[in-house]
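File shown here: upload-v6.pdb, holding PDB, C-alpha atoms and all ligand atoms.
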```
ATOM      1  CA  MET A  23      37.645 -24.027  12.456
ATOM      2  CA  LYS A  24      35.667 -25.035   9.340
ATOM      3  CA  LYS A  25      33.524 -22.363   7.729
ATOM      4  CA  THR A  26      30.390 -22.268   9.879
ATOM      5  CA  ARG A  27      28.010 -23.186   7.004
ATOM      6  CA  GLU A  28      29.899 -26.517   6.593
ATOM      7  CA  LEU A  29      29.333 -27.522  10.213
ATOM      8  CA  GLY A  30      26.307 -29.496  11.381
ATOM      9  CA  PHE A  31      23.203 -27.712  12.703
ATOM     10  CA  ALA A  32      23.729 -28.451  16.404
ATOM     11  CA  THR A  33      27.377 -27.344  16.190
ATOM     12  CA  ARG A  34      26.416 -24.103  14.434
ATOM     13  CA  ALA A  35      23.759 -23.437  17.077
ATOM     14  CA  ILE A  36      26.566 -23.390  19.651
ATOM     15  CA  HIS A  37      29.407 -21.843  17.660
ATOM     16  CA  ALA A  38      28.136 -19.712  14.754
ATOM     17  CA  GLY A  39      28.826 -16.047  15.495
ATOM     18  CA  GLN A  40      30.265 -17.101  18.844
ATOM     19  CA  GLU A  41      34.028 -17.110  18.496
ATOM     20  CA  PRO A  42      35.745 -16.767  21.897
ATOM     21  CA  ASP A  43      35.909 -13.121  23.014
ATOM     22  CA  PRO A  44      39.182 -11.668  21.616
ATOM     23  CA  LEU A  45      39.818  -9.554  24.728
ATOM     24  CA  THR A  46      39.580 -12.266  27.401
ATOM     25  CA  GLY A  47      39.096 -15.604  25.635
ATOM     26  CA  ALA A  48      35.647 -15.980  27.249
ATOM     27  CA  VAL A  49      33.841 -18.774  25.414
ATOM     28  CA  THR A  50      30.446 -17.209  26.053
ATOM     29  CA  VAL A  51      29.549 -14.045  24.165
ATOM     30  CA  PRO A  52      29.703 -11.124  26.633
ATOM     31  CA  ILE A  53      26.691  -8.866  27.202
ATOM     32  CA  TYR A  54      27.659  -5.353  26.079
ATOM     33  CA  PRO A  55      25.233  -3.100  28.000
ATOM     34  CA  THR A  56      26.498   0.108  26.462
ATOM     35  CA  SER A  57      24.586   2.853  24.694
ATOM     36  CA  THR A  58      27.579   4.380  22.963
ATOM     37  CA  TYR A  59      31.253   3.700  22.132
ATOM     38  CA  VAL A  60      34.391   5.782  22.410
ATOM     39  CA  GLN A  61      35.661   7.098  19.073
ATOM     40  CA  GLN A  62      39.344   7.130  18.226
ATOM     41  CA  GLY A  63      38.795  10.289  16.186
ATOM     42  CA  ILE A  64      35.994  11.976  14.300
ATOM     43  CA  GLY A  65      34.191   9.187  12.433
ATOM     44  CA  GLU A  66      36.816   6.646  13.598
ATOM     45  CA  ASN A  67      35.541   3.704  15.623
ATOM     46  CA  LYS A  68      35.835  -0.062  15.984
ATOM     47  CA  GLY A  69      32.687  -0.723  13.953
ATOM     48  CA  TYR A  70      30.308   0.364  16.711
ATOM     49  CA  GLU A  71      28.972   3.885  17.212
ATOM     50  CA  TYR A  72      25.627   3.714  19.002
ATOM     51  CA  SER A  73      23.692   0.649  20.206
ATOM     52  CA  ARG A  74      20.445   1.377  18.403
ATOM     53  CA  VAL A  75      22.487   0.966  15.221
ATOM     54  CA  THR A  76      24.712  -1.967  16.226
ATOM     55  CA  ASN A  77      25.747  -3.725  19.407
ATOM     56  CA  PRO A  78      28.324  -6.551  19.622
ATOM     57  CA  THR A  79      26.008  -8.971  21.501
ATOM     58  CA  ARG A  80      23.302  -8.323  18.908
ATOM     59  CA  THR A  81      25.767  -8.784  16.038
ATOM     60  CA  ARG A  82      26.700 -12.209  17.404
ATOM     61  CA  LEU A  83      23.046 -13.280  17.700
ATOM     62  CA  GLU A  84      22.300 -12.017  14.187
ATOM     63  CA  GLU A  85      25.262 -14.001  12.792
ATOM     64  CA  ASN A  86      24.097 -17.086  14.647
ATOM     65  CA  LEU A  87      20.480 -16.939  13.440
ATOM     66  CA  ALA A  88      21.551 -16.148   9.856
ATOM     67  CA  SER A  89      23.674 -19.289   9.908
ATOM     68  CA  LEU A  90      20.888 -21.506  11.304
ATOM     69  CA  GLU A  91      18.401 -20.341   8.641
ATOM     70  CA  GLY A  92      21.013 -20.371   5.837
ATOM     71  CA  GLY A  93      20.621 -16.620   5.203
ATOM     72  CA  ILE A  94      23.159 -13.928   4.367
ATOM     73  CA  ALA A  95      22.116 -11.779   7.347
ATOM     74  CA  ALA A  96      19.627 -11.544  10.191
ATOM     75  CA  ARG A  97      18.158  -8.510  11.982
ATOM     76  CA  VAL A  98      16.735  -8.922  15.461
ATOM     77  CA  PHE A  99      13.918  -6.861  16.962
ATOM     78  CA  SER A 100      12.268  -6.383  20.348
ATOM     79  CA  SER A 101       9.469  -8.904  19.654
ATOM     80  CA  GLY A 102       8.128 -11.072  16.881
ATOM     81  CA  MET A 103       5.562  -8.369  16.100
ATOM     82  CA  ALA A 104       8.312  -5.715  15.885
ATOM     83  CA  ALA A 105      10.120  -7.952  13.373
ATOM     84  CA  ILE A 106       6.948  -8.392  11.276
ATOM     85  CA  HIS A 107       6.303  -4.638  11.487
ATOM     86  CA  ALA A 108       9.826  -3.911  10.201
ATOM     87  CA  LEU A 109       9.317  -6.432   7.412
ATOM     88  CA  VAL A 110       6.160  -4.754   6.091
ATOM     89  CA  THR A 111       7.542  -1.248   6.503
ATOM     90  CA  MET A 112       9.962  -2.188   3.697
ATOM     91  CA  LEU A 113       6.859  -1.833   1.486
ATOM     92  CA  LYS A 114       5.324   1.395   0.176
ATOM     93  CA  SER A 115       1.847   2.864   0.219
ATOM     94  CA  GLY A 116      -0.207   1.238  -2.566
ATOM     95  CA  ASP A 117       1.629  -2.114  -2.337
ATOM     96  CA  HIS A 118      -0.426  -5.286  -1.959
ATOM     97  CA  VAL A 119       0.397  -8.313   0.220
ATOM     98  CA  VAL A 120      -1.048 -11.827  -0.218
ATOM     99  CA  CYS A 121      -1.309 -13.501   3.198
ATOM    100  CA  GLY A 122      -2.328 -16.855   4.595
ATOM    101  CA  ASN A 123      -5.794 -16.835   6.167
ATOM    102  CA  ASP A 124      -4.801 -18.581   9.405
ATOM    103  CA  LEU A 125      -1.888 -16.424  10.568
ATOM    104  CA  TYR A 126      -1.094 -15.812  14.243
ATOM    105  CA  GLY A 127      -3.826 -13.326  15.261
ATOM    106  CA  GLY A 128      -1.423 -10.481  16.053
ATOM    107  CA  THR A 129      -0.236 -10.407  12.438
ATOM    108  CA  PRO A 130      -3.589  -9.566  10.766
ATOM    109  CA  ARG A 131      -4.261  -7.145  13.663
ATOM    110  CA  LEU A 132      -1.075  -5.269  12.698
ATOM    111  CA  PHE A 133      -1.834  -5.507   8.991
ATOM    112  CA  ASN A 134      -5.538  -4.511   9.165
ATOM    113  CA  GLN A 135      -5.611  -2.083  12.081
ATOM    114  CA  VAL A 136      -2.240  -0.339  11.650
ATOM    115  CA  MET A 137      -0.578  -0.855   8.285
ATOM    116  CA  SER A 138      -3.710  -0.489   6.160
ATOM    117  CA  ASP A 139      -3.940   3.116   7.484
ATOM    118  CA  PHE A 140      -0.615   3.694   5.709
ATOM    119  CA  GLY A 141      -1.947   2.540   2.330
ATOM    120  CA  LEU A 142      -0.860  -1.109   2.309
ATOM    121  CA  GLU A 143      -3.430  -3.600   0.987
ATOM    122  CA  PHE A 144      -3.806  -7.150   2.302
ATOM    123  CA  SER A 145      -5.671 -10.192   0.913
ATOM    124  CA  TYR A 146      -6.133 -13.352   2.999
ATOM    125  CA  ILE A 147      -6.273 -16.699   1.219
ATOM    126  CA  ASP A 148      -5.898 -20.419   1.939
ATOM    127  CA  THR A 149      -2.201 -20.943   1.170
ATOM    128  CA  THR A 150      -2.452 -24.708   1.801
ATOM    129  CA  GLU A 151      -3.456 -24.787  -1.884
ATOM    130  CA  ALA A 152      -0.471 -23.190  -3.684
ATOM    131  CA  ASN A 153      -2.498 -22.266  -6.791
ATOM    132  CA  ASN A 154      -4.589 -19.890  -4.654
ATOM    133  CA  VAL A 155      -1.438 -17.783  -4.256
ATOM    134  CA  GLU A 156      -1.030 -17.443  -8.013
ATOM    135  CA  ARG A 157      -4.677 -16.404  -8.386
ATOM    136  CA  ALA A 158      -4.411 -13.775  -5.617
ATOM    137  CA  ILE A 159      -1.305 -12.027  -6.980
ATOM    138  CA  ARG A 160      -2.120  -8.638  -8.523
ATOM    139  CA  LYS A 161      -0.093  -6.066 -10.459
ATOM    140  CA  ASN A 162       0.747  -4.226  -7.222
ATOM    141  CA  THR A 163       1.541  -7.369  -5.149
ATOM    142  CA  ARG A 164       5.017  -7.021  -3.668
ATOM    143  CA  LEU A 165       4.967  -9.678  -0.925
ATOM    144  CA  VAL A 166       3.475 -13.098  -0.186
ATOM    145  CA  TYR A 167       3.354 -13.746   3.563
ATOM    146  CA  VAL A 168       2.943 -17.354   4.708
ATOM    147  CA  GLU A 169       3.008 -19.072   8.081
ATOM    148  CA  THR A 170       3.514 -22.857   8.023
ATOM    149  CA  PRO A 171       2.490 -24.583  10.156
ATOM    150  CA  THR A 172      -0.014 -21.947  11.229
ATOM    151  CA  ASN A 173      -0.745 -20.848  14.771
ATOM    152  CA  PRO A 174      -3.278 -21.997  15.950
ATOM    153  CA  MET A 175      -4.597 -24.566  13.447
ATOM    154  CA  MET A 176      -1.253 -26.088  12.379
ATOM    155  CA  ARG A 177      -2.173 -25.867   8.673
ATOM    156  CA  ILE A 178       0.677 -26.693   6.288
ATOM    157  CA  SER A 179       1.607 -24.906   3.054
ATOM    158  CA  ASP A 180       3.950 -26.168   0.330
ATOM    159  CA  LEU A 181       6.781 -23.624   0.456
ATOM    160  CA  ALA A 182       8.662 -24.972  -2.568
ATOM    161  CA  ALA A 183       5.523 -24.700  -4.739
ATOM    162  CA  ILE A 184       4.663 -21.206  -3.430
ATOM    163  CA  SER A 185       8.224 -19.935  -3.866
ATOM    164  CA  ALA A 186       8.253 -21.191  -7.491
ATOM    165  CA  ILE A 187       5.102 -19.102  -8.115
ATOM    166  CA  CYS A 188       6.619 -16.062  -6.368
ATOM    167  CA  ARG A 189       9.790 -16.297  -8.444
ATOM    168  CA  ARG A 190       7.829 -16.538 -11.662
ATOM    169  CA  LYS A 191       5.690 -13.542 -10.659
ATOM    170  CA  LYS A 192       8.704 -11.621  -9.246
ATOM    171  CA  VAL A 193       7.095 -11.213  -5.817
ATOM    172  CA  ALA A 194       9.064 -11.648  -2.560
ATOM    173  CA  LEU A 195       8.092 -14.536  -0.264
ATOM    174  CA  ALA A 196       8.299 -14.154   3.529
ATOM    175  CA  VAL A 197       7.690 -17.116   5.836
ATOM    176  CA  ASP A 198       6.920 -17.085   9.544
ATOM    177  CA  ASN A 199       8.942 -20.138  10.644
ATOM    178  CA  THR A 200       8.309 -19.744  14.381
ATOM    179  CA  PHE A 201       6.699 -23.120  14.908
ATOM    180  CA  MET A 202       9.085 -25.359  12.947
ATOM    181  CA  SER A 203      12.258 -23.490  13.950
ATOM    182  CA  PRO A 204      15.219 -23.764  11.569
ATOM    183  CA  TYR A 205      15.905 -27.211  13.057
ATOM    184  CA  PHE A 206      12.928 -28.721  11.213
ATOM    185  CA  GLN A 207      12.395 -26.302   8.309
ATOM    186  CA  GLN A 208      14.578 -23.812   6.460
ATOM    187  CA  PRO A 209      12.338 -21.762   4.150
ATOM    188  CA  LEU A 210      15.247 -19.985   2.390
ATOM    189  CA  ALA A 211      16.480 -23.371   1.131
ATOM    190  CA  LEU A 212      12.967 -23.900  -0.292
ATOM    191  CA  GLY A 213      13.144 -20.603  -2.205
ATOM    192  CA  ALA A 214      11.774 -18.014   0.246
ATOM    193  CA  ASP A 215      13.394 -14.549   0.385
ATOM    194  CA  LEU A 216      12.763 -13.712   4.044
ATOM    195  CA  VAL A 217      12.152 -15.706   7.227
ATOM    196  CA  VAL A 218      10.491 -14.334  10.351
ATOM    197  CA  HIS A 219      10.509 -15.745  13.865
ATOM    198  CA  SER A 220       9.074 -14.848  17.164
ATOM    199  CA  THR A 221      12.287 -15.827  19.007
ATOM    200  CA  THR A 222      10.049 -15.737  22.076
ATOM    201  CA  LYS A 223       9.146 -19.373  21.278
ATOM    202  CA  PHE A 224      11.508 -22.239  20.350
ATOM    203  CA  LEU A 225      14.619 -20.163  19.528
ATOM    204  CA  ASN A 226      14.815 -18.696  23.018
ATOM    205  CA  GLY A 227      13.192 -21.784  24.476
ATOM    206  CA  HIS A 228      13.022 -20.702  28.131
ATOM    207  CA  SER A 229       9.997 -18.325  28.185
ATOM    208  CA  ASP A 230      12.164 -15.593  29.703
ATOM    209  CA  GLY A 231      12.219 -12.972  26.965
ATOM    210  CA  LEU A 232      10.383 -11.667  23.923
ATOM    211  CA  GLY A 233      12.177 -11.190  20.642
ATOM    212  CA  GLY A 234      11.887 -11.360  16.886
ATOM    213  CA  VAL A 235      14.116 -11.808  13.871
ATOM    214  CA  VAL A 236      13.995 -11.409  10.115
ATOM    215  CA  VAL A 237      16.540 -13.525   8.227
ATOM    216  CA  CYS A 238      17.358 -12.381   4.692
ATOM    217  CA  ALA A 239      18.505 -14.099   1.527
ATOM    218  CA  ARG A 240      19.152 -10.809  -0.297
ATOM    219  CA  GLU A 241      21.524  -7.957   0.446
ATOM    220  CA  GLU A 242      18.912  -5.299  -0.405
ATOM    221  CA  HIS A 243      16.586  -6.615   2.344
ATOM    222  CA  ALA A 244      19.432  -6.933   4.873
ATOM    223  CA  GLU A 245      20.451  -3.317   4.227
ATOM    224  CA  LYS A 246      16.899  -1.995   4.414
ATOM    225  CA  LEU A 247      16.195  -3.834   7.675
ATOM    226  CA  ALA A 248      19.444  -2.576   9.228
ATOM    227  CA  PHE A 249      18.341   0.919   8.249
ATOM    228  CA  LEU A 250      14.930   0.289   9.858
ATOM    229  CA  GLN A 251      16.613  -0.878  13.082
ATOM    230  CA  LYS A 252      18.446   2.450  13.154
ATOM    231  CA  ALA A 253      15.510   4.557  11.987
ATOM    232  CA  SER A 254      12.703   2.997  14.083
ATOM    233  CA  GLY A 255      14.749   1.611  16.983
ATOM    234  CA  ALA A 256      12.693  -1.479  17.922
ATOM    235  CA  ILE A 257      15.897  -3.466  18.495
ATOM    236  CA  LEU A 258      16.477  -6.310  20.985
ATOM    237  CA  SER A 259      18.436  -5.363  24.126
ATOM    238  CA  PRO A 260      21.938  -6.827  24.620
ATOM    239  CA  PHE A 261      20.722  -8.859  27.617
ATOM    240  CA  GLU A 262      17.842 -10.386  25.673
ATOM    241  CA  CYS A 263      20.143 -11.082  22.712
ATOM    242  CA  TRP A 264      22.338 -12.986  25.137
ATOM    243  CA  LEU A 265      19.337 -14.954  26.438
ATOM    244  CA  VAL A 266      18.468 -16.046  22.892
ATOM    245  CA  LEU A 267      22.120 -16.950  22.208
ATOM    246  CA  ARG A 268      22.107 -19.071  25.353
ATOM    247  CA  GLY A 269      18.728 -20.663  24.539
ATOM    248  CA  VAL A 270      19.537 -21.445  20.931
ATOM    249  CA  LYS A 271      22.540 -23.581  21.957
ATOM    250  CA  THR A 272      20.117 -26.333  23.012
ATOM    251  CA  LEU A 273      17.657 -25.893  20.125
ATOM    252  CA  ALA A 274      18.563 -29.189  18.417
ATOM    253  CA  ALA A 275      18.303 -31.187  21.649
ATOM    254  CA  ARG A 276      15.019 -29.532  22.642
ATOM    255  CA  MET A 277      13.384 -30.059  19.236
ATOM    256  CA  GLU A 278      14.309 -33.759  19.365
ATOM    257  CA  ILE A 279      12.263 -34.000  22.585
ATOM    258  CA  HIS A 280       9.410 -31.676  21.502
ATOM    259  CA  HIS A 281       8.790 -33.842  18.447
ATOM    260  CA  PRO A 282       7.891 -37.161  20.193
ATOM    261  CA  SER A 283       6.119 -35.242  22.995
ATOM    262  CA  GLY A 284       3.898 -33.471  20.448
ATOM    263  CA  ARG A 285       3.248 -36.792  18.679
ATOM    264  CA  ALA A 286       2.262 -38.446  21.964
ATOM    265  CA  VAL A 287      -0.234 -35.655  22.754
ATOM    266  CA  ALA A 288      -1.648 -35.799  19.201
ATOM    267  CA  ASP A 289      -2.017 -39.614  19.364
ATOM    268  CA  PHE A 290      -3.765 -39.366  22.726
ATOM    269  CA  LEU A 291      -6.166 -36.681  21.459
ATOM    270  CA  SER A 292      -6.849 -38.502  18.181
ATOM    271  CA  LYS A 293      -8.225 -41.478  20.138
ATOM    272  CA  HIS A 294     -10.161 -39.379  22.648
ATOM    273  CA  PRO A 295     -13.939 -39.848  22.246
ATOM    274  CA  LYS A 296     -14.597 -36.117  22.706
ATOM    275  CA  VAL A 297     -12.182 -35.032  19.933
ATOM    276  CA  GLU A 298     -13.572 -34.882  16.396
ATOM    277  CA  ALA A 299     -11.472 -36.778  13.858
ATOM    278  CA  ASP A 300     -11.398 -33.789  11.454
ATOM    279  CA  PHE A 301      -9.145 -31.962  13.852
ATOM    280  CA  TYR A 302      -6.454 -34.609  13.408
ATOM    281  CA  PRO A 303      -5.611 -34.801   9.699
TER
HETATM  282  C1  LIG B 401       3.601 -17.629  14.665
HETATM  283  C2  LIG B 401       3.820 -16.376  15.449
HETATM  284  N1  LIG B 401       4.390 -15.324  14.846
HETATM  285  C3  LIG B 401       4.591 -14.153  15.504
HETATM  286  C4  LIG B 401       4.220 -14.006  16.831
HETATM  287  C5  LIG B 401       4.463 -12.694  17.525
HETATM  288  O1  LIG B 401       5.587 -12.811  18.333
HETATM  289  P1  LIG B 401       5.807 -11.981  19.700
HETATM  290  O2  LIG B 401       4.784 -12.469  20.685
HETATM  291  O3  LIG B 401       7.220 -12.327  20.070
HETATM  292  O4  LIG B 401       5.629 -10.547  19.366
HETATM  293  C6  LIG B 401       3.648 -15.094  17.498
HETATM  294  C7  LIG B 401       3.243 -14.971  18.903
HETATM  295  O5  LIG B 401       2.645 -15.856  19.490
HETATM  296  C8  LIG B 401       3.419 -16.300  16.788
HETATM  297  O6  LIG B 401       2.836 -17.340  17.365
END
```

So, in terms of structure tokens, how does the structure I just supplied come out?
Amino acid sequence: MKKTRELGFATRAIHAGQEPDPLTGAVTVPIYPTSTYVQQGIGENKGYEYSRVTNPTRTRLEENLASLEGGIAARVFSSGMAAIHALVTMLKSGDHVVCGNDLYGGTPRLFNQVMSDFGLEFSYIDTTEANNVERAIRKNTRLVYVETPTNPMMRISDLAAISAICRRKKVALAVDNTFMSPYFQQPLALGADLVVHSTTKFLNGHSDGLGGVVVCAREEHAEKLAFLQKASGAILSPFECWLVLRGVKTLAARMEIHHPSGRAVADFLSKHPKVEADFYP
């Protein structure tokens, strides 16, 4: 088989990280509902020791999502919020984060009501104007956190322009890509360092499980997030990893249908006498 990055998106959604099971030839990744693994000797194992640290079903999902976002690694968590929490716990007390001002409401709740008690500082700005990001960056800014399009107002930010600023200022850029999915937008290719998803939405696609992922472009982030999975333990269960692996196989097909459906709803609303034109840019 060609290297997975050379294959098309829809093919990678089905095959990346999903080689047939070596034991049985099963073409679907098995669910490994095990807490621990037998050791051949002290410190000798087959790459798996304890499922908070690593689990084969989770490994396969992480390989798959890393491939779809064009990252070097992905780390999955028990919800989108758990993924965002892990992301900001890579920071230290005294660090400052520049954030979009129309993020999904749970994100500023976590930042303002939990993380600020641990000494992190957050500023909220309109990231639809990239220059605002440059103006908001301080000496202690370590992260710019953008959602595009935003939930709920669907505001759009220019990721290439923001990532150019972040690179110049040596600040990491994280993007919540939940609502485009990697099918329509790949922030790492536009210069971002980290991508977050609530897999609960399009990646899973069946409304039958919560989940979250952080996809990394840099080894240091991948290592730190793997450590945080082990240290904090908010990992996704093998069964839910399997559900996302199953759901993601149809991501390309589903997004091709979501797109005209969303357009049709927007066109209908734009002509509705009770809808103000400003809401339909
Ligand atoms: C854009 C966005 N990011 C993150 C989250 C949080 O994800 P979860 O509900 O899986 O914790 C949501 C939830 O709606 C969301 O819409």

Contacts of chain A with ligand LIG 401 (chain B) up to 8 Å, shortest pair per row, all atoms listed in the file, as a Markdown table:
```
| residue | atom | partner | partner_atom | distance |
| --- | --- | --- | --- | --- |
| A:Ser100 | CA | B:LIG401 | O3 | 7.8 |
| A:Ser101 | CA | B:LIG401 | O3 | 4.1 |
| A:Gly102 | CA | B:LIG401 | O1 | 3.4 |
| A:Met103 | CA | B:LIG401 | O4 | 3.9 |
| A:Ala104 | CA | B:LIG401 | O4 | 6.5 |
| A:Ala105 | CA | B:LIG401 | O4 | 7.9 |
| A:Ile106 | CA | B:LIG401 | C3 | 7.5 |
| A:Leu125 | CA | B:LIG401 | C1 | 7.0 |
| A:Tyr126 | CA | B:LIG401 | C1 | 5.1 |
| A:Gly127 | CA | B:LIG401 | C8 | 8.0 |
| A:Gly128 | CA | B:LIG401 | C5 | 6.5 |
| A:Thr129 | CA | B:LIG401 | C3 | 6.8 |
| A:Glu169 | CA | B:LIG401 | C1 | 6.8 |
| A:Thr172 | CA | B:LIG401 | C1 | 6.6 |
| A:Asn173 | CA | B:LIG401 | C1 | 5.4 |
| A:Pro174 | CA | B:LIG401 | O6 | 7.8 |
| A:Asp198 | CA | B:LIG401 | C1 | 6.1 |
| A:Asn199 | CA | B:LIG401 | C1 | 7.1 |
| A:Thr200 | CA | B:LIG401 | C1 | 5.2 |
| A:Phe201 | CA | B:LIG401 | C1 | 6.3 |
| A:Val218 | CA | B:LIG401 | N1 | 7.6 |
| A:His219 | CA | B:LIG401 | N1 | 6.2 |
| A:Ser220 | CA | B:LIG401 | O1 | 4.2 |
| A:Thr221 | CA | B:LIG401 | O3 | 6.2 |
| A:Thr222 | CA | B:LIG401 | O3 | 4.9 |
| A:Lys223 | CA | B:LIG401 | O3 | 7.4 |
| A:Leu232 | CA | B:LIG401 | O3 | 5.0 |
| A:Gly233 | CA | B:LIG401 | O3 | 5.1 |
| A:Gly234 | CA | B:LIG401 | O3 | 5.7 |
```

Next on the checklist: With the PyMOL selection byres (((chain A and resi 34-39) around 7) and not hetatm) as the selection, what would be picked from this file? Answer as a list in words, please.
Outcome noted: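 Matching residues under the PyMOL selection byres (((chain A and resi 34-39) around 7) and not hetatm) are Thr26, Leu29, Gly30, Phe31, Ala32, Thr33, Gln40, Glu41, Arg82, Leu83, Glu85, Asn86, Ser89, Leu90, Val270 and Lys271 of chain A.
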
Item to check | Answer key for the PyMOL selection byres (((chain A and resi 68-77) around 7) and not hetatm), residues as a ChimeraX atom specification | outcome: /A:56-59,67,78-81,251-252,255,257

Checklist entry - Using all atoms listed in the file, which residue out of A:Gln61, A:Asn123, A:Lys161, A:His118 lies closest to Gly141 (chain A)? => result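 Under the stated criterion, the closest residue is A:His118.
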
Item to check | Residue nearest Ile94 (chain A) - candidates A:Asp289, A:Glu241, A:Asp117, A:Asp139, atoms counted: all atoms listed in the file | outcome: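 The closest residue to Ile94 (chain A) is A:Glu241.
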
Item to check | Shortest interatomic distance to Val237 (chain A) - which of A:Gly284, A:Gly122, A:Pro260, A:Gly92, counting all atoms listed in the file | outcome: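 So, comparing all the options, the nearest one is A:Gly92.
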
Checklist entry - Could you work out how far CA of Val98 (chain A) lies from CA of Val168 (chain A), giving the answer in Å with one decimal? => result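 Computing it gives 19.4 Å between the two atoms.
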
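The set of residues that the PyMOL selection byres (((chain A and resi 261) around 10) and not hetatm) takes from this file is Pro52, Ile53, Tyr54, Pro55, Thr79, Arg80, Gly231, Leu258, Ser259, Pro260, Glu262, Cys263, Trp264, Leu265, Val266 and Leu267 of chain A.
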
Item to check | Residues within 12 Å of (5.1, -27.6, 2.7), file coords, all atoms listed in the file, listed as a PyMOL selection string | outcome: chain A and resi 149-152+168-172+176-185+197+199+202+206-209+212-214

Item to check | Selected residue, from A:Phe224, A:Val119, A:Val110, A:Ala158, that lies nearest to Ile279 (chain A) when counting only C-alpha atoms | outcome: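 Closest to Ile279 (chain A), using only C-alpha atoms: A:Phe224.
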
Item to check | Given all atoms listed in the file as the counted atoms, nearest of A:Thr50, A:Ser229, A:Ser145, A:Ser138 to Val120 (chain A) | outcome: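 The closest residue to Val120 (chain A) is A:Ser145.
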
Next on the checklist: For a test of reading the model, state the distance in Å between CA of Phe290 (chain A) and CA of Met277 (chain A), rounded to one decimal.
Outcome noted: 19.8 Å

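Pairwise distance (CA of Val193 (chain A), CA of Glu156 (chain A)) equals 10.5 Å.
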
Checklist entry - Which neighbours of region 142-144 of chain A fall inside 12 Å, counting all atoms listed in the file, when residues of the same chain fewer than 5 positions from it are skipped, and could you give them as a ChimeraX atom specification? => result /A:110-123,129-137,158-160,162-167

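Near Leu247 (chain A), within 8 Å and counting only C-alpha atoms, sit Arg97, Ala108, Leu109 and Met112 of chain A; same-chain residues fewer than 5 positions away were not included.
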
Item to check | Selected residue of minimal separation from Phe99 (chain A) among A:Thr272, A:Ser254, A:Ser283, A:Ser292, counting all atoms listed in the file | outcome: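 For Phe99 (chain A), the nearest of the given residues is A:Ser254.
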
Would you give the centre and edge lengths, in Å to one decimal, of a box along x, y and z around the listed atoms of region 98-102 of chain A, with 6 Å added to each side, as lines of an AutoDock Vina configuration file?
```
center_x = 12.4
center_y = -8.7
center_z = 17.9
size_x = 20.6
size_y = 16.7
size_z = 16.9
```
